[in-house]
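Note: the block below is target.tsv and it holds TSV, C-alpha atoms.
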chain	number	residue	atom	x	y	z
S	1	MET	CA	-25.67	-29.54	-13.06
S	2	GLY	CA	-29.04	-30.50	-11.60
S	3	GLY	CA	-27.40	-30.96	-8.21
S	4	GLU	CA	-25.84	-27.51	-8.49
S	5	ILE	CA	-29.25	-25.96	-9.15
S	6	GLU	CA	-30.67	-27.72	-6.10
S	7	LYS	CA	-27.82	-26.41	-3.95
S	8	CYS	CA	-28.39	-22.93	-5.34
S	9	ILE	CA	-32.08	-23.08	-4.40
S	10	LYS	CA	-31.19	-24.17	-0.86
S	11	VAL	CA	-28.65	-21.35	-0.56
S	12	TRP	CA	-31.17	-18.73	-1.58
S	13	ILE	CA	-33.86	-20.11	0.74
S	14	ILE	CA	-31.38	-19.57	3.59
S	15	VAL	CA	-30.58	-16.10	2.25
S	16	ILE	CA	-34.25	-15.08	2.10
S	17	THR	CA	-34.82	-16.44	5.61
S	18	SER	CA	-31.82	-14.49	6.87
S	19	LEU	CA	-33.06	-11.28	5.30
S	20	CYS	CA	-36.48	-11.83	6.88
S	21	TYR	CA	-34.68	-11.85	10.23
S	22	CYS	CA	-32.96	-8.58	9.27
S	23	TYR	CA	-36.25	-7.00	8.19
S	24	TYR	CA	-38.43	-8.05	11.12
S	25	VAL	CA	-35.91	-8.23	13.97
S	26	VAL	CA	-32.67	-6.36	13.28
S	27	ALA	CA	-34.43	-3.29	11.89
S	28	ARG	CA	-36.08	-2.78	15.29
S	29	ILE	CA	-32.74	-2.74	17.11
S	30	ARG	CA	-31.18	0.62	17.79
S	31	LYS	CA	-28.70	1.64	15.11
S	32	GLY	CA	-25.02	1.37	15.88
S	33	MET	CA	-22.76	-1.34	17.28
S	34	ILE	CA	-25.61	-3.35	18.85
S	35	ARG	CA	-27.36	-3.66	15.50
S	36	LEU	CA	-24.03	-4.49	13.85
S	37	LEU	CA	-23.40	-7.27	16.36
S	38	SER	CA	-26.88	-8.67	15.71
S	39	LEU	CA	-25.91	-8.96	12.03
S	40	LEU	CA	-22.77	-11.04	12.67
S	41	PRO	CA	-24.55	-14.40	12.09
S	42	ILE	CA	-25.83	-13.07	8.75
S	43	PHE	CA	-22.33	-11.96	7.74
S	44	TYR	CA	-21.07	-15.45	8.55
S	45	LEU	CA	-23.81	-17.10	6.49
S	46	PHE	CA	-23.31	-14.79	3.53
S	47	ILE	CA	-19.56	-15.50	3.55
S	48	THR	CA	-19.86	-19.28	3.80
S	49	LEU	CA	-22.93	-20.02	1.67
S	50	PRO	CA	-21.24	-19.45	-1.74
S	51	LEU	CA	-18.62	-22.06	-0.81
S	52	ILE	CA	-21.35	-24.68	-1.24
S	53	LEU	CA	-21.56	-23.91	-4.96
S	54	ASN	CA	-19.02	-25.17	-7.51
S	55	SER	CA	-20.26	-23.57	-10.72
S	56	ILE	CA	-18.25	-20.52	-11.79
S	57	HIS	CA	-21.29	-18.70	-13.11
S	58	ILE	CA	-23.77	-19.53	-10.36
S	59	GLY	CA	-21.21	-19.41	-7.57
S	60	GLY	CA	-19.61	-16.23	-8.90
S	61	LEU	CA	-22.89	-14.33	-9.02
S	62	THR	CA	-23.89	-15.65	-5.60
S	63	PHE	CA	-20.56	-14.51	-4.14
S	64	PHE	CA	-21.00	-11.05	-5.64
S	65	PHE	CA	-24.59	-10.71	-4.39
S	66	LEU	CA	-23.94	-11.98	-0.86
S	67	VAL	CA	-20.31	-11.52	0.17
S	68	TRP	CA	-19.84	-8.17	-1.54
S	69	LEU	CA	-23.16	-6.39	-2.09
S	70	GLY	CA	-25.15	-8.02	0.70
S	71	ASN	CA	-22.58	-7.66	3.46
S	72	PHE	CA	-21.59	-4.12	2.52
S	73	LYS	CA	-25.23	-2.99	2.37
S	74	LEU	CA	-25.95	-4.59	5.73
S	75	ILE	CA	-22.95	-2.83	7.27
S	76	LEU	CA	-24.45	0.46	6.11
S	77	PHE	CA	-27.87	-0.69	7.34
S	78	ALA	CA	-26.43	-1.20	10.83
S	79	PHE	CA	-25.82	2.55	11.01
S	80	ASP	CA	-29.01	3.65	9.21
S	81	GLN	CA	-27.21	4.41	5.98
S	82	GLY	CA	-27.26	3.08	2.45
S	83	PRO	CA	-30.05	1.79	0.22
S	84	LEU	CA	-31.81	-0.13	3.02
S	85	THR	CA	-32.50	3.08	4.94
S	86	PRO	CA	-35.22	4.15	5.42
S	87	LEU	CA	-36.64	0.67	5.79
S	88	PRO	CA	-38.55	-0.28	2.62
S	89	PRO	CA	-42.30	-0.71	3.16
S	90	LYS	CA	-42.37	-4.26	1.78
S	91	LEU	CA	-40.24	-7.30	2.55
S	92	PHE	CA	-39.72	-8.07	-1.15
S	93	HIS	CA	-38.29	-4.59	-1.69
S	94	PHE	CA	-35.90	-5.07	1.25
S	95	ILE	CA	-34.67	-8.44	-0.04
S	96	SER	CA	-34.21	-7.09	-3.57
S	97	LEU	CA	-32.27	-4.05	-2.39
S	98	ALA	CA	-30.18	-6.08	0.07
S	99	CYS	CA	-28.68	-8.67	-2.24
S	100	LEU	CA	-29.40	-7.76	-5.87
S	101	PRO	CA	-27.29	-5.41	-7.99
S	102	ILE	CA	-29.90	-2.67	-8.15
S	103	LYS	CA	-29.80	1.03	-7.41
S	104	ILE	CA	-33.13	2.86	-7.52
S	105	LYS	CA	-33.13	6.21	-9.28
S	106	GLN	CA	-33.32	9.09	-6.86
S	107	HIS	CA	-35.69	11.04	-9.10
S	108	PRO	CA	-37.90	8.51	-10.91
S	109	SER	CA	-39.44	9.79	-14.08
S	110	HIS	CA	-42.64	7.74	-14.18
S	111	GLN	CA	-44.51	10.49	-12.43
S	112	ASN	CA	-44.24	12.67	-15.52
S	113	PRO	CA	-44.50	10.82	-18.85
S	114	LYS	CA	-42.92	13.76	-20.67
S	115	THR	CA	-39.69	13.31	-18.72
S	116	ALA	CA	-39.60	9.50	-18.89
S	117	PRO	CA	-36.46	8.13	-20.53
S	118	LYS	CA	-37.02	7.14	-24.12
S	119	VAL	CA	-36.00	3.75	-25.40
S	120	THR	CA	-33.77	4.61	-28.35
S	121	SER	CA	-32.98	2.44	-31.34
S	122	ARG	CA	-29.36	2.50	-30.16
S	123	SER	CA	-30.25	0.98	-26.76
S	124	ILE	CA	-32.48	-1.65	-28.39
S	125	PHE	CA	-29.70	-2.54	-30.82
S	126	PHE	CA	-27.10	-3.04	-28.09
S	127	SER	CA	-29.58	-4.92	-25.89
S	128	VAL	CA	-29.94	-7.51	-28.62
S	129	ILE	CA	-26.44	-7.51	-30.09
S	130	LYS	CA	-24.56	-8.04	-26.82
S	131	PRO	CA	-26.17	-11.42	-25.99
S	132	LEU	CA	-25.61	-12.50	-29.59
S	133	VAL	CA	-21.94	-11.53	-29.41
S	134	LEU	CA	-21.59	-13.48	-26.16
S	135	ALA	CA	-23.13	-16.54	-27.81
S	136	ILE	CA	-20.71	-16.24	-30.74
S	137	ILE	CA	-17.74	-15.93	-28.37
S	138	ILE	CA	-18.82	-19.04	-26.45
S	139	ARG	CA	-19.20	-21.03	-29.67
S	140	SER	CA	-15.84	-19.79	-30.98
S	141	TYR	CA	-14.03	-21.49	-28.10
S	142	GLU	CA	-14.34	-24.72	-30.09
S	143	PHE	CA	-11.68	-23.30	-32.43
S	144	ARG	CA	-9.20	-22.28	-29.75
S	145	PRO	CA	-6.52	-24.78	-30.88
S	146	ILE	CA	-6.10	-22.91	-34.17
S	147	MET	CA	-6.46	-19.39	-32.75
S	148	HIS	CA	-3.61	-17.04	-31.90
S	149	PRO	CA	-3.17	-16.71	-28.11
S	150	TYR	CA	-3.78	-12.95	-28.27
S	151	LEU	CA	-7.10	-13.54	-30.02
S	152	VAL	CA	-8.11	-16.05	-27.35
S	153	PHE	CA	-7.16	-13.54	-24.65
S	154	ALA	CA	-9.28	-10.86	-26.35
S	155	LEU	CA	-12.23	-13.28	-26.42
S	156	TYR	CA	-11.83	-13.92	-22.68
S	157	CYS	CA	-11.87	-10.15	-22.03
S	158	PHE	CA	-15.05	-9.62	-24.03
S	159	HIS	CA	-16.60	-12.73	-22.46
S	160	LEU	CA	-15.92	-11.38	-18.97
S	161	TYR	CA	-17.43	-7.98	-19.74
S	162	LEU	CA	-20.52	-9.28	-21.54
S	163	ALA	CA	-21.23	-12.06	-19.04
S	164	VAL	CA	-21.00	-9.68	-16.08
S	165	GLU	CA	-23.15	-7.00	-17.70
S	166	ILE	CA	-25.84	-9.40	-18.92
S	167	GLY	CA	-25.81	-11.41	-15.69
S	168	LEU	CA	-26.30	-8.33	-13.52
S	169	ALA	CA	-29.04	-7.05	-15.82
S	170	LEU	CA	-30.93	-10.33	-15.53
S	171	ALA	CA	-30.49	-10.37	-11.75
S	172	ALA	CA	-32.05	-6.91	-11.58
S	173	ALA	CA	-35.00	-7.93	-13.76
S	174	PRO	CA	-37.36	-8.84	-10.85
S	175	ALA	CA	-37.01	-5.37	-9.36
S	176	ARG	CA	-37.54	-3.74	-12.73
S	177	ALA	CA	-40.63	-5.88	-13.28
S	178	CYS	CA	-42.04	-4.56	-10.00
S	179	GLY	CA	-41.91	-1.00	-11.27
S	180	PHE	CA	-38.56	0.19	-9.90
S	181	GLU	CA	-36.65	2.59	-12.10
S	182	LEU	CA	-33.04	1.46	-11.84
S	183	GLU	CA	-29.72	3.11	-12.48
S	184	PRO	CA	-27.66	1.45	-15.24
S	185	GLN	CA	-24.93	-0.89	-14.05
S	186	PHE	CA	-22.62	-0.39	-17.02
S	187	ASN	CA	-22.29	2.64	-19.25
S	188	GLU	CA	-20.37	1.55	-22.34
S	189	PRO	CA	-16.98	1.18	-20.59
S	190	TYR	CA	-15.23	0.68	-23.93
S	191	LEU	CA	-15.86	4.41	-24.60
S	192	ALA	CA	-14.10	5.61	-21.43
S	193	THR	CA	-11.76	8.56	-22.01
S	194	SER	CA	-9.76	8.10	-18.80
S	195	LEU	CA	-9.30	5.69	-15.92
S	196	GLN	CA	-11.36	7.98	-13.71
S	197	ASP	CA	-14.13	7.88	-16.31
S	198	PHE	CA	-13.83	4.10	-16.68
S	199	TRP	CA	-13.98	3.19	-12.99
S	200	GLY	CA	-16.18	6.02	-11.73
S	201	GLN	CA	-18.74	6.48	-14.49
S	202	ARG	CA	-18.83	3.37	-16.67
S	203	TRP	CA	-17.65	0.04	-15.18
S	204	ASN	CA	-19.84	-1.92	-12.72
S	205	LEU	CA	-21.45	1.16	-11.20
S	206	MET	CA	-23.12	-0.92	-8.48
S	207	VAL	CA	-19.72	-1.54	-6.90
S	208	THR	CA	-18.87	2.14	-7.21
S	209	SER	CA	-22.07	3.11	-5.42
S	210	ILE	CA	-21.29	0.66	-2.58
S	211	LEU	CA	-17.62	1.55	-2.15
S	212	ARG	CA	-18.35	5.26	-2.02
S	213	PRO	CA	-20.31	5.27	1.30
S	214	THR	CA	-18.47	2.32	2.89
S	215	VAL	CA	-14.85	3.18	2.03
S	216	TYR	CA	-14.37	6.40	0.06
S	217	ASN	CA	-16.42	8.80	2.18
S	218	PRO	CA	-15.11	7.64	5.62
S	219	VAL	CA	-11.48	7.66	4.44
S	220	ARG	CA	-11.93	11.08	2.87
S	221	ARG	CA	-13.38	12.51	6.07
S	222	LEU	CA	-10.50	11.03	8.06
S	223	SER	CA	-7.90	12.24	5.55
S	224	THR	CA	-9.27	15.78	5.55
S	225	ASP	CA	-7.95	16.31	9.08
S	226	ILE	CA	-4.54	14.89	8.11
S	227	VAL	CA	-3.72	16.18	4.60
S	228	GLY	CA	-6.39	18.86	4.13
S	229	PRO	CA	-9.50	18.94	1.93
S	230	ARG	CA	-7.57	19.48	-1.31
S	231	LEU	CA	-5.69	16.17	-1.12
S	232	ALA	CA	-8.18	14.16	0.96
S	233	SER	CA	-9.71	12.48	-2.09
S	234	LEU	CA	-6.41	10.83	-3.07
S	235	PRO	CA	-6.01	8.40	-0.13
S	236	ALA	CA	-9.77	7.79	-0.32
S	237	VAL	CA	-9.46	6.73	-3.97
S	238	ILE	CA	-6.51	4.43	-3.28
S	239	ALA	CA	-8.28	2.91	-0.25
S	240	SER	CA	-11.36	2.18	-2.38
S	241	PHE	CA	-9.26	0.41	-4.99
S	242	LEU	CA	-7.42	-1.51	-2.27
S	243	VAL	CA	-10.69	-2.81	-0.84
S	244	SER	CA	-11.90	-3.69	-4.32
S	245	GLY	CA	-8.69	-5.62	-4.92
S	246	LEU	CA	-9.04	-7.55	-1.68
S	247	MET	CA	-12.64	-8.43	-2.51
S	248	HIS	CA	-11.54	-9.70	-5.92
S	249	GLU	CA	-8.90	-11.84	-4.21
S	250	VAL	CA	-11.64	-13.34	-2.06
S	251	MET	CA	-13.78	-13.88	-5.16
S	252	PHE	CA	-10.91	-15.66	-6.91
S	253	TYR	CA	-10.54	-17.89	-3.86
S	254	TYR	CA	-14.18	-18.91	-4.21
S	255	PHE	CA	-13.48	-19.71	-7.88
S	256	THR	CA	-10.22	-21.61	-7.43
S	257	ARG	CA	-10.08	-22.66	-3.73
S	258	ALA	CA	-6.39	-21.67	-4.03
S	259	TYR	CA	-4.61	-19.24	-1.75
S	260	PRO	CA	-4.24	-15.73	-3.21
S	261	THR	CA	-1.07	-14.60	-4.96
S	262	TRP	CA	-2.04	-10.90	-4.59
S	263	GLU	CA	-1.63	-10.09	-8.28
S	264	VAL	CA	-5.23	-8.94	-8.47
S	265	THR	CA	-4.79	-6.69	-5.45
S	266	TRP	CA	-1.75	-5.10	-7.10
S	267	PHE	CA	-3.79	-4.60	-10.26
S	268	PHE	CA	-6.31	-2.49	-8.35
S	269	ILE	CA	-3.64	-0.68	-6.32
S	270	LEU	CA	-1.91	0.25	-9.57
S	271	HIS	CA	-5.14	1.57	-11.03
S	272	GLY	CA	-5.94	3.41	-7.81
S	273	VAL	CA	-2.56	5.16	-7.86
S	274	CYS	CA	-3.00	6.00	-11.55
S	275	VAL	CA	-6.48	7.42	-10.92
S	276	ALA	CA	-5.08	9.52	-8.05
S	277	ILE	CA	-2.31	10.85	-10.34
S	278	GLU	CA	-4.89	11.54	-13.00
S	279	ILE	CA	-6.96	13.59	-10.54
S	280	VAL	CA	-3.90	15.68	-9.60
S	281	VAL	CA	-2.95	16.25	-13.23
S	282	LYS	CA	-6.48	17.27	-14.19
S	283	LYS	CA	-6.58	19.79	-11.35
S	284	ALA	CA	-3.20	21.17	-12.42
S	285	VAL	CA	-3.95	21.66	-16.12
S	286	ALA	CA	-7.68	22.36	-15.59
S	287	GLU	CA	-9.25	23.19	-18.96
S	288	ARG	CA	-6.04	24.39	-20.57
S	289	TRP	CA	-5.14	21.06	-22.14
S	290	GLN	CA	-7.09	17.90	-22.84
S	291	LEU	CA	-6.53	14.85	-25.01
S	292	HIS	CA	-8.98	14.28	-27.84
S	293	ARG	CA	-11.35	11.32	-27.42
S	294	ALA	CA	-9.80	9.67	-30.45
S	295	VAL	CA	-6.56	9.46	-28.48
S	296	SER	CA	-7.70	9.11	-24.86
S	297	THR	CA	-10.23	6.31	-25.50
S	298	PRO	CA	-7.80	3.80	-27.08
S	299	LEU	CA	-5.13	4.77	-24.53
S	300	THR	CA	-7.54	4.00	-21.67
S	301	ALA	CA	-8.71	0.72	-23.20
S	302	GLY	CA	-5.11	-0.27	-23.94
S	303	PHE	CA	-3.94	0.45	-20.40
S	304	VAL	CA	-6.79	-1.57	-18.88
S	305	ALA	CA	-6.14	-4.47	-21.29
S	306	VAL	CA	-2.35	-4.53	-20.81
S	307	THR	CA	-2.44	-4.27	-17.02
S	308	GLY	CA	-5.28	-6.79	-16.93
S	309	GLY	CA	-3.22	-9.26	-18.93
S	310	TRP	CA	-0.25	-8.62	-16.64
S	311	LEU	CA	-1.92	-8.77	-13.21
S	312	PHE	CA	-5.65	-9.59	-13.37
S	313	PHE	CA	-5.94	-12.62	-15.64
S	314	PRO	CA	-2.85	-14.74	-14.78
S	315	GLN	CA	-4.43	-16.11	-11.61
S	316	ILE	CA	-7.51	-17.07	-13.64
S	317	PHE	CA	-5.45	-18.89	-16.27
S	318	ARG	CA	-3.04	-20.48	-13.78
S	319	ASN	CA	-5.89	-22.13	-11.85
S	320	GLY	CA	-7.90	-23.15	-14.91
S	321	VAL	CA	-10.89	-20.94	-14.19
S	322	HIS	CA	-11.24	-20.12	-17.88
S	323	GLU	CA	-11.42	-23.85	-18.71
S	324	LYS	CA	-14.20	-24.33	-16.15
S	325	VAL	CA	-16.07	-21.40	-17.67
S	326	ILE	CA	-15.79	-22.92	-21.14
S	327	LYS	CA	-17.00	-26.30	-19.88
S	328	GLU	CA	-20.08	-24.57	-18.52
S	329	TYR	CA	-20.81	-22.88	-21.84
S	330	PRO	CA	-24.04	-24.91	-22.48
S	331	ILE	CA	-25.47	-23.22	-19.37
S	332	MET	CA	-24.34	-19.89	-20.74
S	333	ILE	CA	-26.16	-20.55	-24.01
S	334	ASP	CA	-29.39	-21.01	-22.03
S	335	PHE	CA	-28.41	-17.93	-20.05
S	336	VAL	CA	-28.14	-15.91	-23.27
S	337	LYS	CA	-31.45	-17.27	-24.57
S	338	ALA	CA	-33.13	-16.23	-21.33
S	339	ASN	CA	-31.65	-12.77	-21.71
S	340	LEU	CA	-32.96	-12.46	-25.27
S	341	LEU	CA	-36.42	-13.49	-24.07
S	342	PHE	CA	-36.17	-10.91	-21.27
S	343	TYR	CA	-35.43	-8.12	-23.72
S	344	LYS	CA	-38.25	-9.20	-26.04
S	345	LEU	CA	-40.68	-8.99	-23.12
How does the structure come out when it is put into structure tokens?
Amino acid sequence: MGGEIEKCIKVWIIVITSLCYCYYVVARIRKGMIRLLSLLPIFYLFITLPLILNSIHIGGLTFFFLVWLGNFKLILFAFDQGPLTPLPPKLFHFISLACLPIKIKQHPSHQNPKTAPKVTSRSIFFSVIKPLVLAIIIRSYEFRPIMHPYLVFALYCFHLYLAVEIGLALAAAPARACGFELEPQFNEPYLATSLQDFWGQRWNLMVTSILRPTVYNPVRRLSTDIVGPRLASLPAVIASFLVSGLMHEVMFYYFTRAYPTWEVTWFFILHGVCVAIEIVVKKAVAERWQLHRAVSTPLTAGFVAVTGGWLFFPQIFRNGVHEKVIKEYPIMIDFVKANLLFYKL
């Protein structure tokens, strides 16, 4: 694993150097296609650099930061849009915003202590309990031979959620330490009352905030002239899920080095269609009828779990990604310990 750490350091030295070029050179080029063309070498680097890494955890996070977040933010930057516009005053801020999963609050509260968000006992509890649960899940893999397959599958689901949430929180820690007030990246997705609530308000909100200006808004504007403003959001929603599915296929390729089978893309297309139907139904019934949370929450969680087991996870299991993750669990234990230390500080 020492060699993997060394490769990771080299990758990120190249990334920082590339972003220095973007900050000092590309930013001074006129916005539009010329600036976009000047970013093509950076897109190439960001796409190829994660291929150097073999670790699921290190390589997976690097893929997400560079291929997805970094490239999408730089595409927006080429047209003076997104979080990199206006140009941040400091290079460190530019680098953090470009490739880390952070979204700065539009109306920071530090200016008025009375309006600052309070750290509740609930938030402290979950900040500590989630890393502990992840550690327990990782240790429990030793007993997989005697576990029921459905229990093992449930552990994988919780492992995925907790590892992603904690990993993104740790990645955002440098920006938070520099005084940025950041938007949350997850908002208790297990409490979602609908698919629209799950994907739009609770799950991996960094991706939502990137897909909205890069995919949803352009497709909606284009669709308005074709189907009218009332229905324009529907193709925009499906297009956003389609792009998300394709990006997950690319991510799985980085994990497995196997050609895609498109199951993951169909998973997101299915959810996109269901969200679009949900939007239509909500507009039709308005406030006249609504499922109680006690019913809608387990229905939402059940639908995500069943469709995930059908379309999302098979490619992971078929290519042994879960086994590689389990083999790396000593790294994850250190990862969890670092997270606990972060929260204590």
Legend entry - Option closest in space to Arg293 (chain S), from S:Ala192, S:Ile277, S:Leu246, S:Val237 [counting all atoms listed in the file]: S:Ala192
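Counting from CA of Trp203 (chain S), the distance to CA of Val164 (chain S) is 10.3 Å.
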Legend entry - CA of Gln196 (chain S) to CA of Trp310 (chain S), straight-line distance in Å: 20.2 Å
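Nearest to Val243 (chain S) of all the residues S:Leu311, S:Ala169, S:Phe72, S:Pro189 is S:Phe72, based on all atoms listed in the file.
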Inset, instruction - Identify, on the basis of all atoms listed in the file, every residue whose closest approach to Ile95 (chain S) does not exceed 10 Å; exclude the query and any residue fewer than 3 positions from it along the same chain; express the result as a list of chain:residue names. - result: S:Val15, S:Ile16, S:Thr17, S:Ser18, S:Leu19, S:Cys20, S:Cys22, S:Tyr23, S:Gly70, S:Leu84, S:Pro88, S:Lys90, S:Leu91, S:Phe92, S:Ala98, S:Cys99, S:Leu100
Legend entry - Point-to-point distance from CA of Val280 (chain S) to CA of Leu222 (chain S), Å rounded to tenths: 19.4 Å
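Counting only C-alpha atoms, the residue from S:Arg202, S:Phe46, S:Cys157, S:Thr256 that sits nearest to Gly320 (chain S) is S:Thr256.
Distance annotation: of S:Ile13, S:Ala301, S:Leu61, S:Leu195, the residue with the minimal separation from Cys274 (chain S) is S:Leu195; atom set is only C-alpha atoms.
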Inset, instruction - Could you check which of S:His271, S:His248, S:Arg257, S:His322 is closest to Val67 (chain S), using all atoms listed in the file? - result: S:His248
Inset, instruction - Mind checking which residues fall within 8 Å of Phe312 (chain S), counting all atoms listed in the file, ignoring those fewer than 5 positions away in the same chain, and posting them as a ChimeraX atom specification? - result: /S:263-264,267,307
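The shortest atom-to-atom distance to Asp80 (chain S), with only C-alpha atoms taken into account, belongs to S:Arg35 out of S:Gln185, S:Arg35, S:Val133, S:Ile316.
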Please identify all polymer residues within 10 Å of Phe198 (chain S), counting all atoms listed in the file, omitting same-chain residues fewer than 4 positions from it, and present them as a compact mmCIF listing (two decimals) with C-alpha atoms, in the coordinates of the input.
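That gives us result.txt:
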# COMPACT_ATOMS: atom_id res chain seq x y z
CA PHE S 186 -22.62 -0.39 -17.02
CA ASN S 187 -22.29 2.64 -19.25
CA GLU S 188 -20.37 1.55 -22.34
CA PRO S 189 -16.98 1.18 -20.59
CA TYR S 190 -15.23 0.68 -23.93
CA LEU S 191 -15.86 4.41 -24.60
CA ALA S 192 -14.10 5.61 -21.43
CA THR S 193 -11.76 8.56 -22.01
CA SER S 194 -9.76 8.10 -18.80
CA ARG S 202 -18.83 3.37 -16.67
CA TRP S 203 -17.65 0.04 -15.18
CA ASN S 204 -19.84 -1.92 -12.72
CA LEU S 205 -21.45 1.16 -11.20
CA VAL S 275 -6.48 7.42 -10.92
CA THR S 297 -10.23 6.31 -25.50
CA THR S 300 -7.54 4.00 -21.67
CA ALA S 301 -8.71 0.72 -23.20
CA VAL S 304 -6.79 -1.57 -18.88
Save region 151-213 of chain S of the structure in the block above to a file, with C-alpha atoms included, as a PDB file, in the first residue's frame.
ATOM      1  CA  LEU S 151     -27.646  -9.646   5.584  1.00  0.00           C
ATOM      2  CA  VAL S 152     -24.333  -9.404   3.733  1.00  0.00           C
ATOM      3  CA  PHE S 153     -26.034  -7.380   0.995  1.00  0.00           C
ATOM      4  CA  ALA S 154     -27.496  -5.013   3.605  1.00  0.00           C
ATOM      5  CA  LEU S 155     -24.025  -4.554   5.098  1.00  0.00           C
ATOM      6  CA  TYR S 156     -22.632  -3.665   1.660  1.00  0.00           C
ATOM      7  CA  CYS S 157     -25.383  -1.051   1.221  1.00  0.00           C
ATOM      8  CA  PHE S 158     -24.672   0.577   4.575  1.00  0.00           C
ATOM      9  CA  HIS S 159     -20.920   0.357   3.922  1.00  0.00           C
ATOM     10  CA  LEU S 160     -21.326   2.181   0.617  1.00  0.00           C
ATOM     11  CA  TYR S 161     -23.417   4.968   2.131  1.00  0.00           C
ATOM     12  CA  LEU S 162     -21.251   5.492   5.218  1.00  0.00           C
ATOM     13  CA  ALA S 163     -17.938   5.291   3.355  1.00  0.00           C
ATOM     14  CA  VAL S 164     -19.070   7.828   0.752  1.00  0.00           C
ATOM     15  CA  GLU S 165     -20.499  10.247   3.313  1.00  0.00           C
ATOM     16  CA  ILE S 166     -17.511  10.078   5.666  1.00  0.00           C
ATOM     17  CA  GLY S 167     -14.992  10.157   2.814  1.00  0.00           C
ATOM     18  CA  LEU S 168     -16.512  13.274   1.278  1.00  0.00           C
ATOM     19  CA  ALA S 169     -16.719  14.947   4.681  1.00  0.00           C
ATOM     20  CA  LEU S 170     -13.025  14.316   5.308  1.00  0.00           C
ATOM     21  CA  ALA S 171     -12.124  15.567   1.833  1.00  0.00           C
ATOM     22  CA  ALA S 172     -13.952  18.815   2.571  1.00  0.00           C
ATOM     23  CA  ALA S 173     -12.197  19.257   5.920  1.00  0.00           C
ATOM     24  CA  PRO S 174      -9.346  21.491   4.589  1.00  0.00           C
ATOM     25  CA  ALA S 175     -11.831  24.008   3.219  1.00  0.00           C
ATOM     26  CA  ARG S 176     -13.827  23.961   6.433  1.00  0.00           C
ATOM     27  CA  ALA S 177     -10.628  24.495   8.422  1.00  0.00           C
ATOM     28  CA  CYS S 178      -9.937  27.612   6.347  1.00  0.00           C
ATOM     29  CA  GLY S 179     -13.187  29.184   7.474  1.00  0.00           C
ATOM     30  CA  PHE S 180     -15.534  28.239   4.617  1.00  0.00           C
ATOM     31  CA  GLU S 181     -19.105  27.520   5.607  1.00  0.00           C
ATOM     32  CA  LEU S 182     -20.094  24.518   3.517  1.00  0.00           C
ATOM     33  CA  GLU S 183     -23.378  23.041   2.418  1.00  0.00           C
ATOM     34  CA  PRO S 184     -23.988  19.492   3.711  1.00  0.00           C
ATOM     35  CA  GLN S 185     -23.270  16.715   1.231  1.00  0.00           C
ATOM     36  CA  PHE S 186     -25.794  14.239   2.633  1.00  0.00           C
ATOM     37  CA  ASN S 187     -29.020  14.958   4.463  1.00  0.00           C
ATOM     38  CA  GLU S 188     -30.105  11.717   6.119  1.00  0.00           C
ATOM     39  CA  PRO S 189     -31.127   9.947   2.881  1.00  0.00           C
ATOM     40  CA  TYR S 190     -32.668   7.074   4.846  1.00  0.00           C
ATOM     41  CA  LEU S 191     -35.460   9.517   5.847  1.00  0.00           C
ATOM     42  CA  ALA S 192     -36.423  10.391   2.252  1.00  0.00           C
ATOM     43  CA  THR S 193     -40.183  10.396   1.643  1.00  0.00           C
ATOM     44  CA  SER S 194     -39.955  10.106  -2.154  1.00  0.00           C
ATOM     45  CA  LEU S 195     -37.455   9.502  -4.927  1.00  0.00           C
ATOM     46  CA  GLN S 196     -37.491  13.208  -5.718  1.00  0.00           C
ATOM     47  CA  ASP S 197     -36.686  13.929  -2.078  1.00  0.00           C
ATOM     48  CA  PHE S 198     -33.979  11.242  -2.011  1.00  0.00           C
ATOM     49  CA  TRP S 199     -32.088  12.318  -5.132  1.00  0.00           C
ATOM     50  CA  GLY S 200     -32.763  16.054  -5.027  1.00  0.00           C
ATOM     51  CA  GLN S 201     -32.559  16.914  -1.342  1.00  0.00           C
ATOM     52  CA  ARG S 202     -30.701  14.154   0.499  1.00  0.00           C
ATOM     53  CA  TRP S 203     -28.266  11.938  -1.469  1.00  0.00           C
ATOM     54  CA  ASN S 204     -24.818  13.223  -2.526  1.00  0.00           C
ATOM     55  CA  LEU S 205     -25.931  16.825  -2.934  1.00  0.00           C
ATOM     56  CA  MET S 206     -22.584  17.798  -4.478  1.00  0.00           C
ATOM     57  CA  VAL S 207     -23.464  15.790  -7.582  1.00  0.00           C
ATOM     58  CA  THR S 208     -26.916  17.346  -7.654  1.00  0.00           C
ATOM     59  CA  SER S 209     -25.424  20.836  -7.547  1.00  0.00           C
ATOM     60  CA  ILE S 210     -23.076  19.984 -10.449  1.00  0.00           C
ATOM     61  CA  LEU S 211     -25.633  18.245 -12.663  1.00  0.00           C
ATOM     62  CA  ARG S 212     -28.126  21.078 -12.298  1.00  0.00           C
ATOM     63  CA  PRO S 213     -26.092  23.772 -14.169  1.00  0.00           C
TER      64      PRO S 213
END
